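Here the structure comes first, spelled out in structure tokens, and everything after it is commentary.
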Protein chains: 2
Amino acid sequence: MAVNLTPPDPTKLLPIDGVELGYAEAGIRKPGRRDLMLIRLAPGSRVAGVFTRNSFAAAPVQVCRRRLAAGGGVRALITNAGNANCGTGEAGVRAAERTCEAVARVIGCGAAEVLPFSTGVILEHLPVERIEAALPRCVATLGAANWADAAAAIMTTDTVPKAASRATEVGGHRIAASGIAKGVGMLQPAMATMLAYIATDAAVARSALEQLVHETADASFNRVTVDGDTSTNDSFVLIATGRAGGREIAAGDAAYRELKQAVVDVARELAQAIARDGEGATKFITIRVAGAASEAEAACVAKAIAHSPLVKTAFFASDPNLGRLLMAIGNAGIPDLDVARVGLWLGDVQVIDRGGRAANYSEENGARVMRPPEIGVRVELGRGPAEATVWTCDFSYDYVKINAEYRT
Amino acid sequence: MAVNLTPPDPTKLLPIDGVELGYAEAGIRKPGRRDLMLIRLAPGSRVAGVFTRNSFAAAPVQVCRRRLAAGGGVRALITNAGNANCGTGEAGVRAAERTCEAVARVIGCGAAEVLPFSTGVILEHLPVERIEAALPRCVATLGAANWADAAAAIMTTDTVPKAASRATEVGGHRIAASGIAKGVGMLQPAMATMLAYIATDAAVARSALEQLVHETADASFNRVTVDGDTSTNDSFVLIATGRAGGREIAAGDAAYRELKQAVVDVARELAQAIARDGEGATKFITIRVAGAASEAEAACVAKAIAHSPLVKTAFFASDPNLGRLLMAIGNAGIPDLDVARVGLWLGDVQVIDRGGRAANYSEENGARVMRPPEIGVRVELGRGPAEATVWTCDFSYDYVKINAEYRT
């Protein structure tokens, strides 16, 4: 059950000029659910992406990387749920390419202009023929207002579709950005999340778009973890159709910063939605680490807390067993950490002061701030000016249940 | 419920000349259970130890490190369960020292000759007065045959006491080694396990004992993980009373290798017992990674598998969702891993061949080898001659239950 997360209101998701979305039931793994999603882009759109750091990058990730590196245009993105097409060797790469060829035939473009994405079970062969059979129905649904339906069609163990939009003025032009994403297990994005797509109608120079996709990932998806396991299929792509008009935005421009704000806002909303809907989640946890020597160090401490099964089960139980937070900070591997300078707050309650139990801390106050479904943890390291925020969820019986029964 | 682990048979645990063990109920955290354990050593005994790498090393760890570095003799080791005396600042160090002073008074030695150990809840003050009150009863039970009782007195969430013995000939002298340990959560030892004590009556030179404690930890406790969280209180000490007689064993001797075999055998039995009794464990998993460029690399891949919540829940469910193993290998962060050379076997069934699903693999065979309570995973990396073995357990509803309810 997701934490304070409701399905997106389709009427509040902004269409992006030059982007159409379609969906279909292909029966990839289970019948009777939408599991195929197609994005068609207007000519001249630019696409940049970041992908998993897992050594076993899935076949579609390999194909995406190759096509984006080649620098050709992109006219379509095809995504299937239910099968990750990973650990499938050369046959898997061929299956991803065959999927692209089928898309190219039905929408009328080159196969090299199609990017493939997959999510689901690893080590099983992709049933390409089912995708081929469903594609005409998928194309028939293509429309600019389908962001919510598209978000639903890429879900696996997600319980709520994830979509977000922002509009802003960039260099005197009104632009919009809309995005969708899916989680929600095998999830510690390292360069990207499981699957996320954000499109804007802004006109963006190629190099600026590359920079923006990395900066956005670092400020959003790379700051979420559910279980510390980085997926083999992580992909985050950023699309700029240029249809809003105006001069192409370059990385140094004031307009770049304005656009970045809108895109990062969409990405953060999606990233937080992934943590809110983390497998078995009953609590949404925001961990902010300040006073670090570097942002990387702050993120490292925040993730050490976010990954600890003991911390996560304590949050699930609303048990202020807060020594576990101290243990997790100590396991972050920060060299020469002076524990006597470490402070920790839970909401407005100081728990740790100068490395030990805070004098004013009481079990009652600890219990009070552990109870709500949204909890803020703040750590002060006393080492420098850098900080970082990470979002995660708790660890419940249902995480075990979902992952013990996922394939059955 | 521990996996194929029964309480030690007290009659099979060898007394070590020069070592007496005592136990008592001190009511540290809960009444009606033994939670205090004292080891008294004959004069001339040597002690070496390795301790946690967690930055928040508990107060007793700090005191142990200082005393062992000072190089004075050790006449007693005092251990309490129920309270970790960690995150307790200077007051915690003082509490550990007061405990040592109390022991020194009742057994008649210097406080600096006593080493303190604690395990239990973090961030709470140690009730030293209860330890002081229980010490006379603890001393009254001191005896050479009490290894099993001592093992029971240091348990926290352990369900089975852990003790082991070996006897061997070393340089023509019969020697014995006996040890006890406790786990079983917040457990990824990094230099040592939660708490473990091994004593031998062999005569061992100081430098050889130092070397032996490190080599033994690396071959045993440092190869176990339950949940990837390194405790603040990890301590492993090795005691040599010298009472077996003979020339002092030095590190280069043939006798050193013979002694090491016996000590490592005891340590491995204890280390495996910790994984068998891991919190909520229903399966005992042995992960052997071969074909690595270095032993560190092999251990890194084995731990990436052992730490993955998705792999561990699949083992719990006996679900051959084996793509998760592939994902975990890919997350070990091995640079330039050629996935096309990776193979993986589960028991006698090859699952992954050259980076993909093995041609002969069938779901039926996968299900068959996932079912037993003891499972062997073997990975071949195809990069070199090094290998490493790691022991772990699965991840069940009961892990969540135990850790959600630990303090209540």
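Naming works like this for the structure tokens: A, B, ... for the chains as they're shown, residue 1 at the start of each chain, ligands 1 onward in shown order.
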
Fit result for chain B on chain A over all paired C-alpha atoms, given as a short mmCIF file (atom, residue, chain, number, x, y, z; two decimals) with C-alpha atoms, in the first residue's frame:
data_model
loop_
_atom_site.label_atom_id
_atom_site.label_comp_id
_atom_site.auth_asym_id
_atom_site.auth_seq_id
_atom_site.Cartn_x
_atom_site.Cartn_y
_atom_site.Cartn_z
CA MET B 1 0.02 0.04 0.03
CA ALA B 2 1.64 3.24 -1.12
CA VAL B 3 2.26 6.07 1.37
CA ASN B 4 0.25 9.21 0.64
CA LEU B 5 0.27 8.51 -3.07
CA THR B 6 -2.83 8.64 -5.23
CA PRO B 7 -3.16 7.85 -8.92
CA PRO B 8 -2.40 10.86 -11.13
CA ASP B 9 -5.36 12.96 -12.25
CA PRO B 10 -5.21 12.61 -16.07
CA THR B 11 -6.66 16.11 -16.52
CA LYS B 12 -3.71 17.62 -14.63
CA LEU B 13 -1.05 15.96 -16.76
CA LEU B 14 0.09 18.35 -19.47
CA PRO B 15 0.27 17.16 -23.07
CA ILE B 16 3.66 17.80 -24.65
CA ASP B 17 3.50 19.01 -28.22
CA GLY B 18 5.22 16.38 -30.35
CA VAL B 19 4.65 13.46 -27.96
CA GLU B 20 1.92 10.81 -28.28
CA LEU B 21 1.49 7.81 -26.03
CA GLY B 22 -0.20 4.46 -26.66
CA TYR B 23 -0.78 1.28 -24.69
CA ALA B 24 -2.03 -2.28 -25.17
CA GLU B 25 -2.42 -5.69 -23.58
CA ALA B 26 0.22 -7.94 -25.09
CA GLY B 27 0.01 -10.80 -22.56
CA ILE B 28 3.77 -10.76 -22.03
CA ARG B 29 3.60 -12.60 -18.74
CA LYS B 30 0.02 -12.46 -17.56
CA PRO B 31 -3.14 -11.96 -19.56
CA GLY B 32 -5.65 -9.21 -18.91
CA ARG B 33 -3.35 -6.32 -18.07
CA ARG B 34 -1.78 -3.55 -20.11
CA ASP B 35 1.91 -4.31 -20.49
CA LEU B 36 2.96 -2.52 -23.67
CA MET B 37 3.57 1.21 -23.99
CA LEU B 38 4.62 3.17 -27.05
CA ILE B 39 5.80 6.78 -27.21
CA ARG B 40 5.81 8.38 -30.68
CA LEU B 41 7.87 11.54 -31.16
CA ALA B 42 7.59 14.27 -33.77
CA PRO B 43 10.50 14.56 -36.20
CA GLY B 44 13.35 16.68 -34.85
CA SER B 45 12.87 15.63 -31.22
CA ARG B 46 16.04 15.11 -29.22
CA VAL B 47 16.53 12.30 -26.68
CA ALA B 48 19.23 11.76 -24.04
CA GLY B 49 19.40 8.93 -21.52
CA VAL B 50 21.21 7.47 -18.54
CA PHE B 51 21.27 3.77 -17.80
CA THR B 52 22.02 1.19 -15.13
CA ARG B 53 25.53 0.61 -13.75
CA ASN B 54 24.76 -3.08 -13.24
CA SER B 55 27.32 -5.15 -15.18
CA PHE B 56 24.49 -7.32 -16.49
CA ALA B 57 22.84 -4.47 -18.40
CA ALA B 58 19.73 -5.88 -20.08
CA ALA B 59 19.56 -6.33 -23.86
CA PRO B 60 17.31 -3.26 -24.41
CA VAL B 61 19.74 -1.13 -22.37
CA GLN B 62 22.58 -2.28 -24.63
CA VAL B 63 20.56 -1.39 -27.72
CA CYS B 64 19.54 2.03 -26.31
CA ARG B 65 23.13 2.88 -25.42
CA ARG B 66 24.35 1.97 -28.92
CA ARG B 67 21.64 3.97 -30.66
CA LEU B 68 22.01 7.06 -28.50
CA ALA B 69 25.81 6.95 -28.91
CA ALA B 70 25.38 6.78 -32.68
CA GLY B 71 23.56 10.11 -32.47
CA GLY B 72 20.75 9.33 -34.92
CA GLY B 73 17.22 10.65 -34.47
CA VAL B 74 14.63 8.96 -32.25
CA ARG B 75 11.02 8.64 -33.38
CA ALA B 76 9.65 6.08 -30.93
CA LEU B 77 10.22 4.41 -27.55
CA ILE B 78 8.70 0.97 -26.97
CA THR B 79 8.39 -0.49 -23.46
CA ASN B 80 7.16 -3.85 -22.27
CA ALA B 81 6.46 -4.90 -18.69
CA GLY B 82 6.59 -8.49 -17.39
CA ASN B 83 9.90 -9.52 -18.92
CA ALA B 84 13.26 -7.76 -18.44
CA ASN B 85 14.97 -9.31 -21.47
CA CYS B 86 18.10 -9.61 -19.35
CA GLY B 87 20.61 -12.48 -19.10
CA THR B 88 19.34 -13.51 -22.52
CA GLY B 89 22.60 -13.08 -24.44
CA GLU B 90 22.73 -12.37 -28.16
CA ALA B 91 19.23 -13.76 -28.62
CA GLY B 92 18.00 -11.09 -26.23
CA VAL B 93 19.66 -8.30 -28.20
CA ARG B 94 18.14 -9.72 -31.35
CA ALA B 95 14.71 -9.81 -29.65
CA ALA B 96 15.03 -6.13 -28.69
CA GLU B 97 16.02 -5.28 -32.26
CA ARG B 98 13.10 -7.28 -33.67
CA THR B 99 10.77 -5.32 -31.39
CA CYS B 100 12.18 -2.08 -32.79
CA GLU B 101 11.78 -3.34 -36.35
CA ALA B 102 8.14 -4.14 -35.67
CA VAL B 103 7.55 -0.66 -34.27
CA ALA B 104 9.32 0.90 -37.24
CA ARG B 105 7.00 -0.97 -39.63
CA VAL B 106 3.78 0.12 -37.92
CA ILE B 107 4.68 3.77 -37.45
CA GLY B 108 6.79 4.23 -40.55
CA CYS B 109 10.36 5.04 -39.49
CA GLY B 110 13.73 3.32 -39.38
CA ALA B 111 14.35 0.58 -36.79
CA ALA B 112 17.42 2.52 -35.63
CA GLU B 113 15.06 5.39 -34.70
CA VAL B 114 13.28 3.22 -32.09
CA LEU B 115 14.53 2.77 -28.50
CA PRO B 116 13.49 -0.42 -26.64
CA PHE B 117 12.85 -0.77 -22.88
CA SER B 118 11.87 -3.79 -20.80
CA THR B 119 11.04 -4.44 -17.14
CA GLY B 120 10.07 -7.63 -15.35
CA VAL B 121 11.52 -11.07 -14.73
CA ILE B 122 15.21 -11.63 -15.55
CA LEU B 123 16.60 -14.67 -17.42
CA GLU B 124 13.55 -15.39 -19.53
CA HIS B 125 13.26 -14.94 -23.28
CA LEU B 126 11.16 -12.04 -24.54
CA PRO B 127 8.05 -13.21 -26.43
CA VAL B 128 8.52 -10.79 -29.34
CA GLU B 129 5.66 -12.27 -31.34
CA ARG B 130 3.17 -11.20 -28.68
CA ILE B 131 4.54 -7.65 -28.85
CA GLU B 132 4.32 -7.71 -32.65
CA ALA B 133 0.72 -8.90 -32.44
CA ALA B 134 -0.28 -6.17 -29.97
CA LEU B 135 1.48 -3.27 -31.70
CA PRO B 136 -1.34 -2.31 -34.09
CA ARG B 137 -3.74 -1.97 -31.11
CA CYS B 138 -1.08 0.05 -29.30
CA VAL B 139 -0.68 2.42 -32.25
CA ALA B 140 -4.45 2.85 -32.48
CA THR B 141 -4.52 4.37 -28.99
CA LEU B 142 -1.72 6.91 -29.61
CA GLY B 143 -2.69 10.31 -28.20
CA ALA B 144 -1.18 13.32 -26.45
CA ALA B 145 -3.43 13.02 -23.39
CA ASN B 146 -2.46 9.45 -22.45
CA TRP B 147 0.25 10.08 -19.83
CA ALA B 148 -1.74 8.38 -17.02
CA ASP B 149 -2.60 5.35 -19.16
CA ALA B 150 1.01 5.07 -20.27
CA ALA B 151 2.18 5.17 -16.63
CA ALA B 152 -0.19 2.31 -15.79
CA ALA B 153 1.00 0.18 -18.72
CA ILE B 154 4.64 0.03 -17.50
CA MET B 155 3.89 -1.04 -13.90
CA THR B 156 5.15 -4.35 -12.45
CA THR B 157 4.77 -4.55 -8.65
CA ASP B 158 3.83 -0.86 -8.58
CA THR B 159 0.46 -0.32 -6.91
CA VAL B 160 -0.06 3.24 -8.18
CA PRO B 161 0.82 4.73 -11.59
CA LYS B 162 3.42 7.52 -11.36
CA ALA B 163 3.15 10.66 -13.50
CA ALA B 164 3.86 14.35 -13.00
CA SER B 165 3.81 17.63 -14.95
CA ARG B 166 5.12 21.16 -14.61
CA ALA B 167 4.71 24.28 -16.76
CA THR B 168 6.95 27.30 -16.62
CA GLU B 169 8.29 30.24 -18.64
CA VAL B 170 11.66 29.68 -20.17
CA GLY B 171 13.27 32.61 -21.97
CA GLY B 172 9.86 34.18 -22.57
CA HIS B 173 8.30 30.99 -23.94
CA ARG B 174 5.81 28.89 -21.99
CA ILE B 175 7.09 25.32 -21.83
CA ALA B 176 5.77 22.17 -20.23
CA ALA B 177 7.39 19.00 -18.93
CA SER B 178 5.56 15.74 -18.25
CA GLY B 179 6.96 12.43 -17.09
CA ILE B 180 6.14 8.92 -16.00
CA ALA B 181 8.10 6.33 -14.04
CA LYS B 182 7.78 2.89 -12.52
CA GLY B 183 9.54 1.28 -9.53
CA VAL B 184 9.36 -0.37 -7.09
CA GLY B 185 11.75 -3.19 -6.10
CA MET B 186 15.31 -4.08 -7.14
CA LEU B 187 15.61 -0.39 -6.73
CA GLN B 188 18.68 1.62 -5.94
CA PRO B 189 19.11 3.60 -9.11
CA ALA B 190 22.71 4.35 -9.95
CA MET B 191 22.47 6.81 -12.84
CA ALA B 192 18.76 6.27 -13.36
CA THR B 193 15.73 4.62 -11.90
CA MET B 194 14.00 1.48 -13.04
CA LEU B 195 12.20 3.15 -15.96
CA ALA B 196 11.42 6.85 -16.30
CA TYR B 197 10.56 9.06 -19.23
CA ILE B 198 10.25 12.85 -19.12
CA ALA B 199 9.38 14.95 -22.15
CA THR B 200 9.40 18.69 -22.64
CA ASP B 201 8.39 20.80 -25.60
CA ALA B 202 11.33 23.15 -24.97
CA ALA B 203 13.99 23.46 -27.66
CA VAL B 204 17.24 22.23 -26.14
CA ALA B 205 20.69 21.91 -27.68
CA ARG B 206 22.04 18.36 -27.82
CA SER B 207 24.88 18.92 -25.33
CA ALA B 208 22.58 20.78 -22.94
CA LEU B 209 20.09 17.88 -23.03
CA GLU B 210 22.90 15.43 -22.19
CA GLN B 211 23.93 17.57 -19.26
CA LEU B 212 20.34 17.99 -18.13
CA VAL B 213 19.56 14.25 -18.08
CA HIS B 214 22.58 13.59 -15.86
CA GLU B 215 21.96 16.52 -13.53
CA THR B 216 18.31 15.59 -13.22
CA ALA B 217 19.09 11.94 -12.42
CA ASP B 218 21.57 13.01 -9.74
CA ALA B 219 19.01 15.31 -8.12
CA SER B 220 16.11 12.86 -8.21
CA PHE B 221 16.24 9.19 -9.18
CA ASN B 222 19.79 8.65 -7.91
CA ARG B 223 18.54 9.77 -4.48
CA VAL B 224 15.95 7.04 -4.06
CA THR B 225 16.43 3.55 -2.72
CA VAL B 226 13.94 0.86 -1.83
CA ASP B 227 16.12 -2.19 -1.22
CA GLY B 228 19.64 -1.31 -2.37
CA ASP B 229 19.53 -3.65 -5.35
CA THR B 230 20.34 -1.87 -8.62
CA SER B 231 18.23 -3.18 -11.47
CA THR B 232 19.71 -4.50 -14.69
CA ASN B 233 17.21 -2.42 -16.68
CA ASP B 234 17.41 1.06 -15.14
CA SER B 235 16.74 3.63 -17.83
CA PHE B 236 15.83 7.30 -17.62
CA VAL B 237 15.33 9.24 -20.84
CA LEU B 238 14.68 12.91 -21.36
CA ILE B 239 12.93 14.04 -24.52
CA ALA B 240 12.88 17.59 -25.93
CA THR B 241 10.55 18.06 -28.89
CA GLY B 242 11.39 21.75 -29.45
CA ARG B 243 7.77 22.49 -30.37
CA ALA B 244 7.45 25.33 -27.83
CA GLY B 245 9.63 27.39 -30.14
CA GLY B 246 12.28 29.97 -29.30
CA ARG B 247 16.03 29.82 -29.45
CA GLU B 248 17.69 26.49 -28.58
CA ILE B 249 18.62 26.42 -24.92
CA ALA B 250 22.34 25.95 -24.22
CA ALA B 251 23.85 24.78 -20.92
CA GLY B 252 25.11 28.18 -19.79
CA ASP B 253 21.81 30.04 -20.37
CA ALA B 254 19.51 31.47 -17.74
CA ALA B 255 16.82 29.55 -19.62
CA TYR B 256 18.70 26.30 -18.87
CA ARG B 257 18.32 26.91 -15.14
CA GLU B 258 14.60 27.66 -15.55
CA LEU B 259 14.06 24.53 -17.63
CA LYS B 260 16.13 22.45 -15.21
CA GLN B 261 13.94 23.60 -12.33
CA ALA B 262 10.81 22.32 -14.09
CA VAL B 263 12.38 19.03 -15.21
CA VAL B 264 13.93 18.33 -11.80
CA ASP B 265 10.59 19.09 -10.14
CA VAL B 266 8.88 16.49 -12.33
CA ALA B 267 11.70 14.00 -11.72
CA ARG B 268 11.65 14.51 -7.95
CA GLU B 269 7.91 14.01 -7.79
CA LEU B 270 8.31 10.76 -9.72
CA ALA B 271 11.32 9.68 -7.62
CA GLN B 272 9.46 10.32 -4.39
CA ALA B 273 6.43 8.47 -5.78
CA ILE B 274 8.69 5.45 -6.34
CA ALA B 275 9.75 5.47 -2.67
CA ARG B 276 6.16 6.05 -1.53
CA ASP B 277 5.16 2.97 -3.52
CA GLY B 278 8.26 0.93 -2.57
CA GLU B 279 7.46 -2.76 -2.24
CA GLY B 280 5.52 -3.23 0.99
CA ALA B 281 6.02 0.42 2.02
CA THR B 282 4.02 1.73 4.98
CA LYS B 283 6.26 4.75 5.67
CA PHE B 284 7.90 7.38 3.46
CA ILE B 285 11.25 8.46 4.88
CA THR B 286 13.23 11.56 3.93
CA ILE B 287 16.84 11.44 5.11
CA ARG B 288 18.80 14.68 4.99
CA VAL B 289 22.47 14.60 5.91
CA ALA B 290 24.21 17.95 6.42
CA GLY B 291 27.59 19.11 7.67
CA ALA B 292 29.40 16.74 5.33
CA ALA B 293 32.78 17.29 3.71
CA SER B 294 31.25 16.61 0.29
CA GLU B 295 27.87 15.90 -1.25
CA ALA B 296 29.04 12.36 -2.05
CA GLU B 297 29.87 11.80 1.60
CA ALA B 298 26.47 13.13 2.69
CA ALA B 299 24.70 10.87 0.19
CA CYS B 300 26.80 7.91 1.38
CA VAL B 301 25.69 8.39 5.00
CA ALA B 302 22.07 8.90 3.95
CA LYS B 303 22.14 5.68 1.91
CA ALA B 304 23.80 3.72 4.74
CA ILE B 305 20.75 4.66 6.82
CA ALA B 306 18.31 4.04 3.97
CA HIS B 307 19.73 0.57 3.24
CA SER B 308 19.91 -0.81 6.75
CA PRO B 309 17.31 -3.58 7.15
CA LEU B 310 17.37 -2.94 10.90
CA VAL B 311 16.60 0.77 10.51
CA LYS B 312 13.87 -0.02 7.99
CA THR B 313 12.18 -2.63 10.18
CA ALA B 314 12.29 -0.22 13.14
CA PHE B 315 10.46 2.37 11.00
CA PHE B 316 7.92 -0.29 10.04
CA ALA B 317 7.31 -1.08 13.71
CA SER B 318 7.24 2.64 14.69
CA ASP B 319 9.78 1.51 17.28
CA PRO B 320 12.19 4.26 18.35
CA ASN B 321 15.07 1.75 18.45
CA LEU B 322 17.25 4.62 17.43
CA GLY B 323 20.61 3.11 18.22
CA ARG B 324 20.19 1.43 14.86
CA LEU B 325 20.44 4.85 13.18
CA LEU B 326 23.71 5.44 14.98
CA MET B 327 24.94 2.01 13.89
CA ALA B 328 24.05 2.77 10.27
CA ILE B 329 25.90 6.11 10.28
CA GLY B 330 28.91 4.30 11.67
CA ASN B 331 28.76 1.80 8.81
CA ALA B 332 28.92 4.41 6.06
CA GLY B 333 32.67 4.01 5.95
CA ILE B 334 33.44 7.72 6.36
CA PRO B 335 37.16 7.93 7.15
CA ASP B 336 38.09 9.65 10.42
CA LEU B 337 34.48 10.33 11.36
CA ASP B 338 34.56 12.16 14.69
CA VAL B 339 31.50 10.58 16.29
CA ALA B 340 31.59 13.18 19.06
CA ARG B 341 30.39 15.78 16.50
CA VAL B 342 27.46 13.76 15.16
CA GLY B 343 23.89 14.89 15.85
CA LEU B 344 20.62 13.32 14.73
CA TRP B 345 17.05 14.54 14.73
CA LEU B 346 13.83 12.69 14.00
CA GLY B 347 11.29 15.29 13.01
CA ASP B 348 11.71 17.95 15.71
CA VAL B 349 13.16 15.58 18.30
CA GLN B 350 16.91 15.46 18.86
CA VAL B 351 17.94 11.85 19.42
CA ILE B 352 21.74 11.97 19.24
CA ASP B 353 23.84 14.85 20.52
CA ARG B 354 27.63 14.84 20.19
CA GLY B 355 27.63 11.14 19.34
CA GLY B 356 25.52 9.99 22.28
CA ARG B 357 21.93 9.96 23.45
CA ALA B 358 20.64 13.53 23.65
CA ALA B 359 20.00 14.68 27.22
CA ASN B 360 16.45 15.82 26.45
CA TYR B 361 15.53 12.71 24.47
CA SER B 362 12.66 10.67 25.82
CA GLU B 363 11.26 7.39 24.59
CA GLU B 364 7.80 9.05 24.48
CA ASN B 365 9.02 11.74 22.09
CA GLY B 366 10.81 9.13 20.01
CA ALA B 367 7.65 7.05 19.77
CA ARG B 368 5.60 10.12 18.83
CA VAL B 369 7.78 11.04 15.83
CA MET B 370 8.08 7.43 14.63
CA ARG B 371 4.31 7.04 14.30
CA PRO B 372 3.29 9.17 11.25
CA PRO B 373 3.45 7.73 7.73
CA GLU B 374 5.98 10.41 6.72
CA ILE B 375 9.15 10.73 8.75
CA GLY B 376 12.09 13.10 8.39
CA VAL B 377 15.56 12.11 9.57
CA ARG B 378 18.22 14.80 9.81
CA VAL B 379 21.87 14.07 10.48
CA GLU B 380 24.58 16.64 11.18
CA LEU B 381 28.12 15.35 10.69
CA GLY B 382 30.04 18.47 11.76
CA ARG B 383 32.64 18.08 9.00
CA GLY B 384 31.81 20.69 6.37
CA PRO B 385 29.17 22.56 4.38
CA ALA B 386 27.85 19.82 2.03
CA GLU B 387 24.51 18.06 2.28
CA ALA B 388 22.31 15.55 0.45
CA THR B 389 18.79 14.20 0.74
CA VAL B 390 17.70 10.61 0.06
CA TRP B 391 14.17 9.22 -0.03
CA THR B 392 13.27 5.70 0.99
CA CYS B 393 10.57 3.58 2.60
CA ASP B 394 10.34 1.12 5.45
CA PHE B 395 10.72 -2.64 5.32
CA SER B 396 7.58 -4.61 6.13
CA TYR B 397 6.21 -8.14 6.09
CA ASP B 398 4.76 -7.24 2.71
CA TYR B 399 8.21 -6.65 1.19
CA VAL B 400 9.01 -10.27 1.99
CA LYS B 401 5.58 -11.41 0.84
CA ILE B 402 5.76 -9.55 -2.47
CA ASN B 403 9.23 -10.82 -3.25
CA ALA B 404 8.63 -14.35 -2.05
CA GLU B 405 5.56 -14.61 -4.26
CA TYR B 406 6.43 -12.31 -7.19
CA ARG B 407 6.52 -14.96 -9.87
CA THR B 408 3.68 -17.13 -8.60
#

Pick out each residue of segment 3-196 of chain B that DSSP on the backbone tags as helix (DSSP H, G or I); I need them as JSON, numbers by chain. {"B": [10, 11, 12, 59, 60, 61, 62, 63, 64, 65, 66, 67, 68, 69, 70, 89, 90, 91, 92, 93, 94, 95, 96, 97, 98, 99, 100, 101, 102, 103, 104, 105, 106, 107, 111, 112, 113, 128, 129, 130, 131, 132, 133, 134, 135, 136, 137, 138, 139, 140, 147, 148, 149, 150, 151, 152, 153]}

List every residue of segment 217-322 of chain B that DSSP, applied to the backbone, labels as strand (DSSP E or B), and write the result as a ChimeraX atom specification. /B:224,230,235-240,249,284-292
